[in-house]
Amino acid sequence: MFKKIGLIAKDGDIKVKASLEVVVNFLHKHHLDIMLDATSAQLLSRTDCAVHIDVLGCQCDLIIVIGGDGTLLQAARFLAKHDISLLGINLGRLGFLTDIYPLEIEKYLANILEGAFFEEDRFLISAEVYHDNQCVSFCSALNDIVIYRGNVPHVLSFETWVNGHFVNRQYADGLVVATPTGSTAYALSAGGPIIHPTLNVLVLVTICPHNFSSRPIIIDGDSDIKITIDPEQRGKAQLDGDSVFCQTLRPGDSIMIKKSQSIRLIHPQGHDHYATLRNKLDWS
């Protein structure tokens with residue numbers, strides 16, 4: 001089913017090497033072609049075999065990501081433009097996206113290579129930042145786009161519009177616009193709902209609102225969202241995508257957010273989203 005498999009390893013973590021070697025040896029034993037990103041090649045002292053991530057996306061049938069959710073989020077942003085599936089080996093802490101633990105690698109890889117797996121589509125969102133009607137920045141995210149006050153010493157003032165309809169004007173530390181995938185990330189910490197990953201919705205969650213009536217809002221996933229920073233705002237705010245800095249926001253800037261590309265996540269057969277929630281969130 002999968003003929004050529006790409007490997008992406010977490011950068012700067014020597015603990016990844018042991019799991020990477022298990023994966024490589026297993027794939028070689030099954031006579032599969034593999035391609036390595038720069039980090040994987042360096043960990044295995046095979047820097048002559050390293051290829052750019054775009055090459056992995058163009059030539060591989062499956063990408064195995066070894067690290068945590070952060071590593072998979074980064075891979076998803078880079079590879080969403082390719083028709084590719086991602087499988088995560090979990091070396092992180094929570095791991096909502098990376099299912100397989102190091103001791104389970106050979107067991108689950110054997111099943112997946114035989115076609116025993118569950119495939120799930122996850123969509124990304126994109127953000128364009130406009131200053132004086134000129135687009136100055138673009139970023140994408142699988143989890144969330146976050147606008148927050150940055151170095152502003154007081155609350156941030158901004159307006160929210162959905163599909164051309166005015167929603168509200170808020171004074172807060174910021175706003176999280178999350179996908180269903182990201183509903184268990186920053187949005188959850190900010191008081192947002194947990195959303196099943198198959199739903200076509202977005203959630204807007206205000207960070208530390210300066211009133212008691214602000215509540216998370218769930219909207220259609222195909223909506224166009226516009227956030228405008230108050231022209232009278234003092235100081236500069238900030239926009240992040242999946243916790244990665246994207247753009248400094250100035251007074252009067254507008255941010256346009258909408259659904260963009262998608263990726264496919266591979267899960268072991270029998271994957272249960274609710275079991276993952278129970279395990280990761282320590283539900284009794």
# chains A, B, ... in the order shown; residues from 1 in each chain; ligands from 1
$ residues_around --residues "stretch 254-258 of chain A" --least-positions-apart "4" --cutoff "8 Å" --atoms "only C-alpha atoms" --output "ChimeraX atom specification"
/A:125-131,221-229
$ write_last_selection --atoms "C-alpha atoms" --output "mmCIF file, in the first residue's frame"
data_model
loop_
_atom_site.group_PDB
_atom_site.id
_atom_site.type_symbol
_atom_site.label_atom_id
_atom_site.label_comp_id
_atom_site.auth_asym_id
_atom_site.auth_seq_id
_atom_site.Cartn_x
_atom_site.Cartn_y
_atom_site.Cartn_z
ATOM 1 C CA ILE A 125 -6.836 27.648 8.583
ATOM 2 C CA SER A 126 -4.904 30.572 7.148
ATOM 3 C CA ALA A 127 -4.471 34.168 8.248
ATOM 4 C CA GLU A 128 -3.642 37.205 6.117
ATOM 5 C CA VAL A 129 -2.599 40.427 7.835
ATOM 6 C CA TYR A 130 -3.458 43.719 6.141
ATOM 7 C CA HIS A 131 -1.890 47.104 6.920
ATOM 8 C CA GLY A 221 -16.046 26.072 9.202
ATOM 9 C CA ASP A 222 -16.381 27.771 5.813
ATOM 10 C CA SER A 223 -16.863 31.212 7.358
ATOM 11 C CA ASP A 224 -14.675 34.224 6.597
ATOM 12 C CA ILE A 225 -13.494 35.893 9.789
ATOM 13 C CA LYS A 226 -12.172 39.437 10.026
ATOM 14 C CA ILE A 227 -10.476 40.815 13.126
ATOM 15 C CA THR A 228 -9.636 44.532 13.223
ATOM 16 C CA ILE A 229 -7.282 46.033 15.777
#
$ select_by_dssp --residues "stretch 114-268 of chain A" --states "alpha helix (DSSP H)" --output "ChimeraX atom specification"
/A:186-189
$ residues_around --residues "stretch 148-162 of chain A" --least-positions-apart "2" --cutoff "7 Å" --atoms "only C-alpha atoms" --output "list of chain:residue names"
A:Val146, A:Gly164, A:His165, A:Phe166, A:Val167, A:Asn168, A:Arg169, A:Gln170, A:Tyr171, A:Ala172, A:Asp173, A:Gly174, A:Leu175, A:Ser223, A:Asp224, A:Ile225, A:Lys226, A:Ile227, A:Thr228, A:Ile229, A:Asp230, A:Gln233, A:Arg234, A:Gly235, A:Lys236, A:Ala237, A:Gln238, A:Leu239
$ atom_distance --atom1 "atom CA of A:Asp144" --atom2 "atom CA of A:Lys81"
18.0 Å
$ residues_around --residues "A:Ile34" --least-positions-apart "2" --cutoff "12 Å" --atoms "only C-alpha atoms" --output "MDAnalysis selection string"
chainID A and resid 2:8 20 23:32 36:37 40:41 49:51 55:56 59:64
$ decode --residues "stretch 50-162 of chain A" --atoms "C-alpha atoms" --output "mmCIF file, in the first residue's frame"
data_model
loop_
_atom_site.group_PDB
_atom_site.id
_atom_site.type_symbol
_atom_site.label_atom_id
_atom_site.label_comp_id
_atom_site.auth_asym_id
_atom_site.auth_seq_id
_atom_site.Cartn_x
_atom_site.Cartn_y
_atom_site.Cartn_z
ATOM 1 C CA ALA A 50 18.820 14.298 3.558
ATOM 2 C CA VAL A 51 16.148 15.809 1.315
ATOM 3 C CA HIS A 52 14.008 18.928 1.579
ATOM 4 C CA ILE A 53 10.565 18.483 3.116
ATOM 5 C CA ASP A 54 8.950 19.405 -0.225
ATOM 6 C CA VAL A 55 10.697 16.414 -1.805
ATOM 7 C CA LEU A 56 9.178 14.198 0.878
ATOM 8 C CA GLY A 57 5.765 15.602 0.080
ATOM 9 C CA CYS A 58 6.153 15.079 -3.663
ATOM 10 C CA GLN A 59 7.652 11.595 -3.661
ATOM 11 C CA CYS A 60 6.377 9.765 -0.572
ATOM 12 C CA ASP A 61 3.103 7.913 0.050
ATOM 13 C CA LEU A 62 3.320 8.290 3.826
ATOM 14 C CA ILE A 63 5.220 10.556 6.205
ATOM 15 C CA ILE A 64 6.072 9.254 9.681
ATOM 16 C CA VAL A 65 6.642 12.068 12.171
ATOM 17 C CA ILE A 66 8.716 11.189 15.236
ATOM 18 C CA GLY A 67 8.377 13.671 18.083
ATOM 19 C CA GLY A 68 5.375 15.347 19.662
ATOM 20 C CA ASP A 69 2.328 17.232 18.480
ATOM 21 C CA GLY A 70 4.474 20.309 17.805
ATOM 22 C CA THR A 71 6.590 18.386 15.310
ATOM 23 C CA LEU A 72 3.482 17.038 13.583
ATOM 24 C CA LEU A 73 1.889 20.491 13.469
ATOM 25 C CA GLN A 74 4.974 21.857 11.752
ATOM 26 C CA ALA A 75 5.019 18.975 9.277
ATOM 27 C CA ALA A 76 1.314 19.483 8.532
ATOM 28 C CA ARG A 77 1.827 23.176 7.732
ATOM 29 C CA PHE A 78 4.635 22.398 5.307
ATOM 30 C CA LEU A 79 3.024 19.355 3.693
ATOM 31 C CA ALA A 80 -0.642 20.377 3.415
ATOM 32 C CA LYS A 81 -0.116 21.432 -0.203
ATOM 33 C CA HIS A 82 0.758 17.811 -1.055
ATOM 34 C CA ASP A 83 -1.636 14.861 -1.167
ATOM 35 C CA ILE A 84 0.031 13.067 1.716
ATOM 36 C CA SER A 85 -0.803 11.108 4.872
ATOM 37 C CA LEU A 86 0.881 11.667 8.235
ATOM 38 C CA LEU A 87 1.487 9.160 11.019
ATOM 39 C CA GLY A 88 2.767 10.327 14.406
ATOM 40 C CA ILE A 89 5.124 8.567 16.834
ATOM 41 C CA ASN A 90 4.531 10.190 20.220
ATOM 42 C CA LEU A 91 7.629 11.252 22.161
ATOM 43 C CA GLY A 92 5.909 14.291 23.630
ATOM 44 C CA ARG A 93 3.754 14.820 26.719
ATOM 45 C CA LEU A 94 0.103 15.043 25.665
ATOM 46 C CA GLY A 95 0.031 13.828 22.084
ATOM 47 C CA PHE A 96 -3.498 14.388 20.772
ATOM 48 C CA LEU A 97 -2.197 13.988 17.201
ATOM 49 C CA THR A 98 0.637 11.499 17.622
ATOM 50 C CA ASP A 99 -0.889 8.151 18.581
ATOM 51 C CA ILE A 100 1.877 5.562 18.698
ATOM 52 C CA TYR A 101 4.254 5.285 21.652
ATOM 53 C CA PRO A 102 7.856 4.045 21.216
ATOM 54 C CA LEU A 103 7.198 0.555 22.622
ATOM 55 C CA GLU A 104 4.305 0.103 20.167
ATOM 56 C CA ILE A 105 6.141 1.071 16.986
ATOM 57 C CA GLU A 106 6.711 -2.357 15.436
ATOM 58 C CA LYS A 107 3.266 -3.682 16.406
ATOM 59 C CA TYR A 108 1.300 -0.808 14.919
ATOM 60 C CA LEU A 109 3.547 -0.229 11.915
ATOM 61 C CA ALA A 110 3.072 -3.860 10.896
ATOM 62 C CA ASN A 111 -0.713 -3.451 11.020
ATOM 63 C CA ILE A 112 -0.674 -0.127 9.182
ATOM 64 C CA LEU A 113 1.537 -1.449 6.391
ATOM 65 C CA GLU A 114 -0.990 -4.256 5.912
ATOM 66 C CA GLY A 115 -3.795 -1.731 5.540
ATOM 67 C CA ALA A 116 -5.215 -1.949 9.063
ATOM 68 C CA PHE A 117 -5.564 1.724 9.888
ATOM 69 C CA PHE A 118 -8.050 4.554 10.230
ATOM 70 C CA GLU A 119 -7.650 7.681 8.082
ATOM 71 C CA GLU A 120 -8.971 11.084 9.097
ATOM 72 C CA ASP A 121 -9.076 14.421 7.255
ATOM 73 C CA ARG A 122 -8.091 17.520 9.256
ATOM 74 C CA PHE A 123 -8.336 21.028 7.812
ATOM 75 C CA LEU A 124 -6.007 23.954 8.378
ATOM 76 C CA ILE A 125 -6.836 27.648 8.583
ATOM 77 C CA SER A 126 -4.904 30.572 7.148
ATOM 78 C CA ALA A 127 -4.471 34.168 8.248
ATOM 79 C CA GLU A 128 -3.642 37.205 6.117
ATOM 80 C CA VAL A 129 -2.599 40.427 7.835
ATOM 81 C CA TYR A 130 -3.458 43.719 6.141
ATOM 82 C CA HIS A 131 -1.890 47.104 6.920
ATOM 83 C CA ASP A 132 -3.159 50.139 4.981
ATOM 84 C CA ASN A 133 -5.062 47.703 2.715
ATOM 85 C CA GLN A 134 -1.853 45.889 1.782
ATOM 86 C CA CYS A 135 -1.280 42.237 2.687
ATOM 87 C CA VAL A 136 1.925 42.184 4.740
ATOM 88 C CA SER A 137 1.930 38.633 6.086
ATOM 89 C CA PHE A 138 0.455 35.156 5.650
ATOM 90 C CA CYS A 139 0.513 32.056 7.818
ATOM 91 C CA SER A 140 -1.377 28.793 8.237
ATOM 92 C CA ALA A 141 -2.179 26.593 11.216
ATOM 93 C CA LEU A 142 -3.624 23.183 11.966
ATOM 94 C CA ASN A 143 -4.501 24.083 15.565
ATOM 95 C CA ASP A 144 -5.147 27.785 15.859
ATOM 96 C CA ILE A 145 -4.493 31.379 14.940
ATOM 97 C CA VAL A 146 -3.976 33.498 18.057
ATOM 98 C CA ILE A 147 -4.101 37.285 18.315
ATOM 99 C CA TYR A 148 -2.882 38.643 21.632
ATOM 100 C CA ARG A 149 -1.652 41.824 23.193
ATOM 101 C CA GLY A 150 2.092 41.155 22.952
ATOM 102 C CA ASN A 151 3.927 44.102 24.502
ATOM 103 C CA VAL A 152 0.738 46.118 25.010
ATOM 104 C CA PRO A 153 0.683 46.923 28.764
ATOM 105 C CA HIS A 154 -3.129 46.859 28.917
ATOM 106 C CA VAL A 155 -6.026 44.994 27.317
ATOM 107 C CA LEU A 156 -6.317 44.752 23.550
ATOM 108 C CA SER A 157 -9.247 46.415 21.774
ATOM 109 C CA PHE A 158 -10.518 44.707 18.597
ATOM 110 C CA GLU A 159 -13.616 44.035 16.513
ATOM 111 C CA THR A 160 -14.750 40.685 15.107
ATOM 112 C CA TRP A 161 -16.733 40.192 11.879
ATOM 113 C CA VAL A 162 -18.010 36.877 10.450
#
